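Visitor: Mind having a look at this structure? Questions to follow.
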Amino acid sequence: MTIATPERYAHMLEAARSGGYAYPAINVTSTQTLNAALQGFAEAESDGIIQVSVGGASYLSGQAVADRVTGSLALAAFAREVAKRYSHITIALHTDHCAVQYLDEWVRPLLAYEAEQVAHGEEPAFQSHMWDGSTVPLDQNLTIAEELLDKSQAARTVLEIEIGAVGGEEDGHRASENAKLYSTPEDAVEVARRLGLGERGRYIAAFTFGNVHGAYKPGFVKLRPDILGDIQRETASAVSQGKVEGLDASTRYPDDKPFMLVFHGGSGSSPEDIATAVGNGVVKMNIDTDTQYAFTRAVAGHMFANYDKVLKIDGEVGEKKQYDPRSWGKQGEISMAQRVVEACQELGSAGHALR
């Protein structure tokens, strides 16, 4: 198995929930970083998720084109070819952090394209798409989520939603310090009321618990992953008491965790916070900052170590094999792959590739 089918992706998510682990979701911006992520997952014997952000999708199409749909589909096509050589792991493809201003030029066209693929008996290009409604009021967020969930059903994809705001900056999208960085059980119950809990289509939810994008010194980010446990328990209780209209009060959820959760802004998190989040139902954790640094740090090391070979100094000619992009690119891939392995080990997915 290589790129997941819709059924295989559903199996992956259920396996993570029942097995008490989560998948690293690695943001990529190039074929090199894609290959590094695949290498890391393979070395860890872990299934995983590879994703592209709004800026990454544009970058992948080339700066002269700068089209997010083109970049996304190019990545998906390339990934399908190279992933065939990693037959012992399963990889899902995901688009990450689509804010309201990008819906009409990115995720809605992709969903329409994938619905056409499905209508013709093909697999969808991606397995899931994220709607980032963190900058709009909850009612508007869920109204758009309802529409996208219907479109996801037609495309046989999974929808990811964000409830609350993740601090810091991601691809030019910044949440202020006054944003709602902590979701509430009341928010979660409203999500269940509007979207159901799988009956109207599969989705995964990123409730916020103090998450911040970017890299920070220890102690700066105040995570409260216990909030996720409160959200799960109180939503399950509301359903069992018949307080969520449209949901069967007799329904029981695995370990009283009705939501499959996503952890955003996890770079630099402590092992304890990660373990608590996973224990409360996180099945996917986004990793971007740490893998970006791992790749670039190795490239920088090569450049510093071979300064007089990668530059033509004082009329000299340098050394071609040192400034050949393949030489420093390989170092970046190796370093990033090692960070992916570390993420798989931290999240517990290492050694759990579905057979």
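Residue numbering restarts at 1 for every chain of the structure tokens, chains are lettered A, B, ... in their displayed order, and ligands are numbered from 1 as they appear.
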Any chance you could list, as a PyMOL selection string, the residues in segment 26-273 of chain A that come up strand (DSSP E or B) when DSSP is run on the backbone?
Guide: chain A and resi 26-27+48-53+91-98+128-131+158-163+167-170+173-175+182+203-207+209+212+261-263
Visitor: According to DSSP computed on the backbone, where in segment 65-274 of chain A is there alpha helix (DSSP H)? Give the residues as a count of residues only.
Guide: 77
Visitor: Using only C-alpha atoms, determine which residues lie at most 12 Å from Arg85 of chain A, disregarding the query and same-chain residues fewer than 6 positions distant; provide the list as a PyMOL selection string.
Guide: chain A and resi 1-3+35+38-39+42+79+91
Visitor: Could you check which of A:Asn280, A:Ser270, A:Gln345, A:Thr296 is closest to Lys330 of chain A, using only C-alpha atoms?
Guide: A:Thr296
Visitor: What is the atom CA of Val54 of chain A to atom CA of Thr291 of chain A distance in Å?
Guide: 17.4 Å
Visitor: Quick one: pull the distance between atom CA of Ala112 of chain A and atom CA of Asp150 of chain A, Å, one decimal.
Guide: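 Atom CA of Asp150 of chain A lies at a distance of 11.4 Å from atom CA of Ala112 of chain A.
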Visitor: Ranking A:Val69, A:Val107, A:Val282, A:Ala4 by minimum distance to Gly19 of chain A and counting only C-alpha atoms, which one comes first?
Guide: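 Using only C-alpha atoms, the shortest distance to Gly19 of chain A belongs to A:Val282.
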Visitor: Name the residues in contact with Met260 of chain A at a cut-off of 10 Å, using only C-alpha atoms, excluding same-chain residues fewer than 2 positions from it; report them as a list in words.
Guide: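 That gives Leu13, Glu14, Ala16, Arg17, Glu160, Leu197, Gly198, Arg202, Tyr203, Ile204, Ala205, Ala206, Gln232, Lys257, Pro258, Val262, Asn280, Gly281, Val282, Val283 and Lys284 of chain A.
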Visitor: Can you pull out the residues contacting segment 237-254 of chain A? Cut-off 8 Å, using only C-alpha atoms, and skip same-chain residues under 6 positions away; I want them as number ranges by chain.
Guide: A: 18, 189, 192-193, 196
Visitor: Excluding same-chain residues fewer than 5 positions from Asp308 of chain A, what lies within 12 Å of it counting only C-alpha atoms, as a PyMOL selection string?
Guide: chain A and resi 302-303+313-320+322-323
